[in-house]
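Engineer: Following this message is one structure expressed as structure tokens.
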Amino acid sequence: MGASNSEKSSRNYTLAQDPSELFDLYLAPPTVSHHNSIITPDWGKSYFPSPKPTGNVKERGRVHVDGDWHRSVQIWIVEANSQRDELRVLLQKRSPYKDTHPNLLDVSCAGHVNAGDGVLDTALKELEEELGGNGMIRGQYSLEDIERCKAFVVSSDIEGETPKFGKFICREYQDVFILWWKGDAPMDAKLFAPLVEEEVSGFEVMDGRKVIERMQQNDKEFVPRSIEYVNALAKAIGCE
């Protein structure tokens with residue numbers, strides 16, 4: 001006998017994220033005014049150039065309920081012409097099964113840093129998991145490429161609610177990277193696929209200036225980002 005619809009739905013949510021995976025916990029920013037801000041040297045050595053974990057860990061499912069600070073990577077893949085005056089950005093559409101911001105347009109590739117894992121290794125892993133299902137991205141970028149392309153680290157404090165998981169408080173230190181497209185062919189959404197289809201619904205390539213404009217306007221089709229994040233992204237890709 002085949003699985004029921006409810007069993008299939010439950011399996012889809014489990015494949016989209018594992019609520020039992022462990023995250024390192026981090027100190028909250030120095031003050032409330034440091035929430036949703038770019039981390040700079042004046043934050044102090046506990047935060048700059050890289051936030052330091054407290055030594056405590058907690059399951060993902062509890063972290064997003066309790067509002068603990070944790071770590072993630074955000075990777076923007078951008079294609080530019082030779083003059084870099086025309087930019088195209090790869091966006092992913094989040095899966096309907098995600099526990100935060102389902103069905104919204106988001107950064108090309110992103111993922112949480114699990115307890116004990118490094119930021120660069122996580123970035124490379126997420127590239128392959130979310131974009132490399134058809135093999136196109138495999139081998140395109142090295143750890144050295146990712147390290148060179150780190151743009152900034154930002155604190156992100158966002159609350160929301162989903163029908164399946166209820167209210168969430170997502171407080172992250174996000175390491176943001178800009179990877180310039182290295183493929184021989186022009187960047188096309190059809191070149192990318194996730195290894196697990198429940199993680200990502202699809203992809204879209206959009207004009208870079210249009211992406212920045214829509215994010216600055218808090219377009220409801222996009223995952224919400226602070227204006228500090230969006231302005232830093234605009235500067236990093238040359239869309240100021």
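By order of appearance in the structure tokens: chains A, B, ..., then residues from 1 within every chain, and ligands from 1 in the order shown.
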For region 136-178 of chain A versus region 111-119 of chain A, which residues have an atom no more than 9 Å away, and what is each residue's nearest atom pair and distance in Å rounded to one decimal, using only C-alpha atoms, chain-then-number order, as a tab-separated table?

Structural biologist:
residue	atom	partner	partner_atom	distance
A:Glu172	CA	A:His112	CA	8.9
A:Gln174	CA	A:His112	CA	8.9
A:Asp175	CA	A:Val119	CA	7.6

Engineer: Go through A:Glu228, A:Asp99, A:Gln140, A:Arg148 and flag the residue nearest Ile39 (chain A), using only C-alpha atoms for the distances.

Structural biologist: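 Checking each of A:Glu228, A:Asp99, A:Gln140, A:Arg148 against Ile39 (chain A), counting only C-alpha atoms, the winner is A:Glu228.
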
Engineer: As a PyMOL selection string, please: every residue in region 23-232 of chain A that DSSP puts in strand (DSSP E).

Structural biologist: chain A and resi 23-26+53-59+69-80+87-94+105-106+109-112+150-162+166-180+200-207

Engineer: Considering only C-alpha atoms, return as a PyMOL selection string whatever protein or nucleic-acid residues lie within 12 Å of Ser142 (chain A), sequence-local ones (same chain, fewer than 3 positions apart) excluded.

Structural biologist: chain A and resi 120-121+123-125+127-128+137-139+145-149+179+182

Engineer: Pick out the closest residue to Cys109 (chain A) from this set: A:Asp42, A:Glu213, A:Glu221, A:Glu199. Count only C-alpha atoms.

Structural biologist: A:Glu199

Engineer: Considering only alpha helix (DSSP H) as DSSP defines it on the backbone, what residues of region 87-123 of chain A qualify? List them as number ranges by chain.

Structural biologist: A: 119-123
